[in-house]
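Working notes, structure below.
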Amino acid sequence: MINSILLYPLLFHFFVAIVALFFWRDTRIQRVISVAGSIIALFLSILLFREVWYNGIITMQSGNWKAPFGITMVADTLSATLVLLTNILGVAIAIYSSTSIISERAKFGYFPIFHLLLMGLTGAFITGDIFNLYVWFEVIIISSFVLLTIGGEKPQIEGAVKYFTLNILASVIFLTAIAVLYGLTGTLNMADLRLKIALVENQSLVDIAALIFFIGFGIKSAVFPLYFWLPASYHTPPAAVSAIFGGLLTKVGVYAMIRVFTLLFERSEFLDNLLILVAVLTILSGALGALIQNNIQKLFSYLIICHIGFMIAGLAMNTTVAFTGTVFYMIHDIVVKANLFLVGGFIYRLKGSYSMRQLGGLYQSHPKLSLLLLIPLFSLVGIPPLSGFWPKISLITAGLTTENYLLIAFIIFGSFVTLLVIAKLWSEVFWKESEPISFKANFKSFHSMKKKEQFSLVFAIALLAFVSLYIGFGAEHIQNLSSRIATELTTPQLYLDAVLKTK
Amino acid sequence: MKTLILKTASGYLLPVLLLFSVFILLRGHYLPGGGFVGGLVASIAFVLHAFANGLENTKNLLRIHPGFLMPFGLAIAFISGLAPMFLYDLPFLTGIWFDEPLPVIGMVGSALFFDTGVFLVVIGVTLTIIFTISESA
């Protein structure tokens, strides 16, 4: 029975989606189901995390087919942590969308699809089979495409077309890479692949497969030359949808990259240099893009790209300390990026605009709320002791030991630009004198909401802000967690033993 | 397409095609077939009926909106996956089988229920898509 705990969060989201589908017409009940379901799923993922933390890697062979043949589900510490974070976001965003998603959108199945997306994310994190990973990517793309287009506004459709075209292309490339690997080794199980890849005679073909994987995951995680779909689409849907996209979708790409380049492939010098180059250019282009944006949601989109560069930088340096930094940054980034989009949506509900030029005077009119919004903004910058600060220590330490001074320079550059952009946003949106803004007709502004609805928006942001604060002030725990994950990543033997039961 | 021949034929074809779809569903475990193809054949039966008799008549024939088949199908497939987990403490989706074959149908196991779920979901999805498109056209 103990192994089944691995699947509980995944199955529970599926269950919630089915129950919500039964109440297709009644969006009020769907909202209640979604919030309650997310909270229970959070508890289940805490149980999973506890189990993995105390007893090590859990595996499960679905359909009871033994390891290299059936689909293996594996939860090591990295997977369990990411599942936990997914479900924390799930709770916050379910609470936020229970108020902010209007019934016209919700009646097209927002809530069931939201849970299917969470199921897809959970599945992608715990699968131990490379083809199954592809399947979960498809689940994620299809559900995110629906979430992106529900509502059918013109900019949404335009963004969705770009999003879908490039992501489906990424999936095809990913699938090609799987096909090449399968042709070489005849297996799809990731642990088994590691053993078989070492035996392949034609190692240059393996390197090519690794590059195809890199391109596929590169599009998904929006790295340097392949990121254009992201700023074109992420600001178009409602804030709750942008939040789950900004928090998790690109990180699934990064997760897949970490998994593939630590577990499957031996690192070559060429690959390391490529990763370094891509990381540097990603940081640069994301930072420069963020400097000139006026729409706050678009600004956050460019910051996502910039900070993906930090994670790739850690992956490029390929030491335990660097992986610690990458994983810590990922944990911090998932929470804080989702929260930023929620903050953006919240400002929109307050003032009726996303434009920094039009906004202003938020601090004067809502001083207490501004203090709350300050936490995610400044956690992102990483002003010590807030959460963005700690992972950079590990990244820079790793940079010094591996003598990658270029990466250090760009990590510092990226941090300064982030600081600059957030300071600009703070002075424009919060300090500047406000112009009177007229709301659109039928606009559901914050002040016209009921007390309960207002509370749910603030609560969602406060919940994620609290998690960010914990990551900042409880940095020791997160650092322990990250370094344990990094150790597991650099010694894949643990993973192999757990999956293939060689011991 | 209001032709007498098609209209008369569709009345006979509907039950035949539905029966055929169930046949395909049941033979699907070891032979070509299964829930997906079976579901497609079943939806073709209704689409043909809609071509011959008009969309309204097919909807009256169906009584419920085909979209409602989706959650039912998903639930059946989900429960068939959960059954081995909670009944026998086996991993998710393990096939569990009755000991004796049933007359006509043959051996029955949890895979059949999974396929039935797929069957219903496919009918639901296909008909919802086709009905929505032909309504807006």
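Starting from 1 in every chain, residues are counted up; chains themselves are A, B, ... following the order of the structure tokens, and ligands are numbered from 1 as listed.
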* Name the residues in contact with region 36-39 of chain B at a cut-off of 7 Å, using only C-alpha atoms, excluding same-chain residues fewer than 6 positions from it; report them as number ranges by chain. => B: 21-22, 24-25, 118-120, 122-123
Same residues, N, CA and C atoms, saved as a PDB file, in the first residue's frame:
ATOM      1  N   SER B  21     -20.312  -1.564 -33.076  1.00  0.00           N
ATOM      2  CA  SER B  21     -19.364  -0.842 -32.223  1.00  0.00           C
ATOM      3  C   SER B  21     -19.151  -1.589 -30.908  1.00  0.00           C
ATOM      4  N   VAL B  22     -20.214  -2.171 -30.363  1.00  0.00           N
ATOM      5  CA  VAL B  22     -20.062  -2.939 -29.120  1.00  0.00           C
ATOM      6  C   VAL B  22     -19.207  -4.179 -29.381  1.00  0.00           C
ATOM      7  N   ILE B  24     -16.835  -4.442 -31.612  1.00  0.00           N
ATOM      8  CA  ILE B  24     -15.437  -4.004 -31.699  1.00  0.00           C
ATOM      9  C   ILE B  24     -14.866  -3.724 -30.316  1.00  0.00           C
ATOM     10  N   LEU B  25     -15.704  -3.107 -29.467  1.00  0.00           N
ATOM     11  CA  LEU B  25     -15.267  -2.820 -28.096  1.00  0.00           C
ATOM     12  C   LEU B  25     -14.876  -4.108 -27.386  1.00  0.00           C
ATOM     13  N   VAL B 118     -13.341   4.481 -22.040  1.00  0.00           N
ATOM     14  CA  VAL B 118     -12.799   5.148 -23.222  1.00  0.00           C
ATOM     15  C   VAL B 118     -13.879   5.274 -24.287  1.00  0.00           C
ATOM     16  N   PHE B 119     -14.630   4.169 -24.479  1.00  0.00           N
ATOM     17  CA  PHE B 119     -15.723   4.118 -25.450  1.00  0.00           C
ATOM     18  C   PHE B 119     -16.688   5.292 -25.233  1.00  0.00           C
ATOM     19  N   LEU B 120     -17.133   5.464 -23.970  1.00  0.00           N
ATOM     20  CA  LEU B 120     -18.100   6.526 -23.672  1.00  0.00           C
ATOM     21  C   LEU B 120     -17.487   7.909 -23.884  1.00  0.00           C
ATOM     22  N   VAL B 122     -15.088   8.751 -25.904  1.00  0.00           N
ATOM     23  CA  VAL B 122     -14.917   9.034 -27.330  1.00  0.00           C
ATOM     24  C   VAL B 122     -16.248   9.424 -27.958  1.00  0.00           C
ATOM     25  N   ILE B 123     -17.321   8.676 -27.636  1.00  0.00           N
ATOM     26  CA  ILE B 123     -18.632   9.062 -28.176  1.00  0.00           C
ATOM     27  C   ILE B 123     -18.969  10.479 -27.737  1.00  0.00           C
TER      28      ILE B 123
END
Need the shell around Ile44 (chain B): protein/DNA/RNA residues with any atom at most 12 Å away, counting only C-alpha atoms. Skip same-chain ones fewer than 6 positions apart. Format as a CSV table (one decimal) with N, CA and C atoms, in the first residue's frame?
chain,number,residue,atom,x,y,z
B,10,SER,N,-30.6,4.9,-42.9
B,10,SER,CA,-30.0,5.2,-41.6
B,10,SER,C,-30.8,4.7,-40.5
B,13,LEU,N,-29.5,1.3,-40.3
B,13,LEU,CA,-28.0,1.2,-40.0
B,13,LEU,C,-27.7,1.6,-38.6
B,14,LEU,N,-28.5,2.5,-38.0
B,14,LEU,CA,-28.2,2.9,-36.6
B,14,LEU,C,-28.0,1.8,-35.7
B,15,PRO,N,-29.0,0.9,-35.5
B,15,PRO,CA,-28.8,-0.2,-34.6
B,15,PRO,C,-27.7,-1.2,-35.0
B,16,VAL,N,-27.6,-1.4,-36.3
B,16,VAL,CA,-26.5,-2.3,-36.8
B,16,VAL,C,-25.1,-1.8,-36.4
B,17,LEU,N,-24.9,-0.5,-36.7
B,17,LEU,CA,-23.6,0.1,-36.4
B,17,LEU,C,-23.4,0.1,-34.9
B,18,LEU,N,-24.4,0.4,-34.1
B,18,LEU,CA,-24.2,0.4,-32.7
B,18,LEU,C,-23.8,-0.9,-32.2
B,20,PHE,N,-22.4,-3.2,-33.9
B,20,PHE,CA,-21.0,-3.5,-34.4
B,20,PHE,C,-20.0,-2.8,-33.5
B,21,SER,N,-20.3,-1.6,-33.1
B,21,SER,CA,-19.4,-0.8,-32.2
B,21,SER,C,-19.2,-1.6,-30.9
B,37,VAL,N,-11.8,2.8,-31.1
B,37,VAL,CA,-12.4,2.6,-32.4
B,37,VAL,C,-13.9,2.4,-32.3
B,38,GLY,N,-14.2,1.6,-31.2
B,38,GLY,CA,-15.6,1.3,-31.0
B,38,GLY,C,-16.4,2.6,-30.8
B,50,ALA,N,-27.9,11.9,-38.1
B,50,ALA,CA,-28.1,13.3,-38.1
B,50,ALA,C,-28.0,13.8,-39.5
B,51,PHE,N,-27.2,13.3,-40.4
B,51,PHE,CA,-27.2,13.7,-41.8
B,51,PHE,C,-28.5,13.4,-42.4
B,122,VAL,N,-15.1,8.8,-25.9
B,122,VAL,CA,-14.9,9.0,-27.3
B,122,VAL,C,-16.2,9.4,-28.0
B,123,ILE,N,-17.3,8.7,-27.6
B,123,ILE,CA,-18.6,9.1,-28.2
B,123,ILE,C,-19.0,10.5,-27.7
B,124,GLY,N,-18.8,10.8,-26.4
B,124,GLY,CA,-19.1,12.1,-25.9
B,124,GLY,C,-18.4,13.2,-26.6
B,126,THR,N,-16.6,13.1,-29.5
B,126,THR,CA,-16.8,13.3,-31.0
B,126,THR,C,-18.2,13.9,-31.3
B,127,LEU,N,-19.2,13.4,-30.6
B,127,LEU,CA,-20.6,14.0,-30.9
B,127,LEU,C,-20.6,15.5,-30.4
B,130,ILE,N,-18.9,17.5,-33.2
B,130,ILE,CA,-19.6,17.5,-34.4
B,130,ILE,C,-20.9,18.3,-34.3
* To do: Identify all residues of region 82-112 of chain A in alpha helix (DSSP H) (DSSP on the backbone) and supply them as a ChimeraX atom specification.
  => /A:82-100,103-106,110-112
Can you build me a table of chain B residues sitting at most 8 Å from chain A, with the closest atom pair per residue and its distance in Å to one decimal, using only C-alpha atoms, sorted by chain and residue number, as JSON lines?
{"residue": "B:Phe68", "atom": "CA", "partner": "A:Phe22", "partner_atom": "CA", "distance": 7.6}
{"residue": "B:Pro71", "atom": "CA", "partner": "A:Ile18", "partner_atom": "CA", "distance": 5.6}
{"residue": "B:Leu74", "atom": "CA", "partner": "A:Ile18", "partner_atom": "CA", "distance": 6.8}
{"residue": "B:Ala75", "atom": "CA", "partner": "A:Ile18", "partner_atom": "CA", "distance": 6.6}
{"residue": "B:Phe78", "atom": "CA", "partner": "A:Phe15", "partner_atom": "CA", "distance": 7.9}
{"residue": "B:Met85", "atom": "CA", "partner": "A:Ser4", "partner_atom": "CA", "distance": 7.4}
{"residue": "B:Asp89", "atom": "CA", "partner": "A:Met1", "partner_atom": "CA", "distance": 5.8}
{"residue": "B:Leu90", "atom": "CA", "partner": "A:Asn64", "partner_atom": "CA", "distance": 7.2}
{"residue": "B:Pro91", "atom": "CA", "partner": "A:Ser62", "partner_atom": "CA", "distance": 5.5}
{"residue": "B:Phe92", "atom": "CA", "partner": "A:Ser62", "partner_atom": "CA", "distance": 5.4}
{"residue": "B:Leu93", "atom": "CA", "partner": "A:Gly63", "partner_atom": "CA", "distance": 4.6}
{"residue": "B:Thr94", "atom": "CA", "partner": "A:Gly63", "partner_atom": "CA", "distance": 3.7}
{"residue": "B:Gly95", "atom": "CA", "partner": "A:Gly63", "partner_atom": "CA", "distance": 6.7}
Dump C-alpha atoms for the selected residues as a JSON list (two decimals), in the first residue's frame?
[["chain", "number", "residue", "atom", "x", "y", "z"],
["B", 68, "PHE", "CA", -22.59, 14.09, -20.30],
["B", 71, "PRO", "CA", -17.57, 12.45, -17.02],
["B", 74, "LEU", "CA", -13.87, 9.07, -17.25],
["B", 75, "ALA", "CA", -15.32, 7.89, -13.95],
["B", 78, "PHE", "CA", -10.82, 5.87, -13.29],
["B", 85, "MET", "CA", -5.29, -0.52, -5.73],
["B", 89, "ASP", "CA", -3.34, -3.77, -2.84],
["B", 90, "LEU", "CA", -1.81, -4.04, -6.31],
["B", 91, "PRO", "CA", -0.37, -1.09, -8.31],
["B", 92, "PHE", "CA", -2.64, 1.29, -10.18],
["B", 93, "LEU", "CA", -4.14, -0.10, -13.43],
["B", 94, "THR", "CA", -3.14, -3.73, -12.74],
["B", 95, "GLY", "CA", -5.47, -6.02, -14.68]]
Pick out the residues sitting within 9 Å of Asp207 (chain A), and hand them over as a PDB file with C-alpha atoms, in the first residue's frame; count only C-alpha atoms, and ignore anything fewer than 4 positions along from it in its own chain.
ATOM      1  CA  GLN A 203      28.252   7.827 -29.192  1.00  0.00           C
ATOM      2  CA  LEU A 211      20.961  18.125 -28.536  1.00  0.00           C
ATOM      3  CA  ILE A 212      17.504  17.385 -29.921  1.00  0.00           C
ATOM      4  CA  PHE A 265      23.448  11.674 -20.671  1.00  0.00           C
ATOM      5  CA  SER A 268      30.441  16.551 -22.736  1.00  0.00           C
ATOM      6  CA  LEU A 271      27.216  20.516 -24.073  1.00  0.00           C
TER       7      LEU A 271
END
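For the residues A:Phe310, A:Phe164, A:Tyr329, A:Phe459, ranking by smallest atom-to-atom distance to Pro391 (chain A) using only C-alpha atoms places A:Tyr329 first.
If you look at CA of Phe213 (chain A) and CA of Glu269 (chain A), they are 16.8 Å away from each other.
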* Any chance you could list, as a ChimeraX atom specification, the residues in region 13-126 of chain A that come up strand (DSSP E or B) when DSSP is run on the backbone? => /A:58-61,72-75
* Could you give me, as a ChimeraX atom specification, the residues within 7 Å of Phe125 (chain A), counting only C-alpha atoms and dropping anything in the same chain fewer than 4 positions from it? => /A:79,82-83,121
* Which polymer residues have any atom within 7 Å of an atom of region 492-500 of chain A, counting only C-alpha atoms, with same-chain residues fewer than 6 positions away left out, as a list in words? -> Ile57, Thr59, Ala67, Ala191 and Leu263 of chain A
Keeping only C-alpha atoms, write those residues as a PDB file, in the first residue's frame.
ATOM      1  CA  ILE A  57      12.944   7.213  -3.222  1.00  0.00           C
ATOM      2  CA  THR A  59       8.757   3.750  -6.991  1.00  0.00           C
ATOM      3  CA  ALA A  67      10.723  -2.094 -14.358  1.00  0.00           C
ATOM      4  CA  ALA A 191      16.958   4.310 -15.401  1.00  0.00           C
ATOM      5  CA  LEU A 263      20.332  11.023 -15.380  1.00  0.00           C
TER       6      LEU A 263
END
* Could you check how far CA of Phe410 (chain A) sits from CA of Ile283 (chain A), in Å to one decimal? => 6.9 Å
* Asked: Which polymer residues have any atom within 7 Å of an atom of Ser110 (chain B), counting only C-alpha atoms, with same-chain residues fewer than 4 positions away left out, as a VMD selection string?
  -> chain B and resid 80 95 to 97 114
* To do: Give me the residues within 8 Å of Phe245 (chain A) as a ChimeraX atom specification, counting only C-alpha atoms and dropping any in the same chain fewer than 6 places off.
  => /A:144,234,338
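In this structure, CA of Gly37 (chain A) sits 7.7 Å away from CA of Phe12 (chain A).
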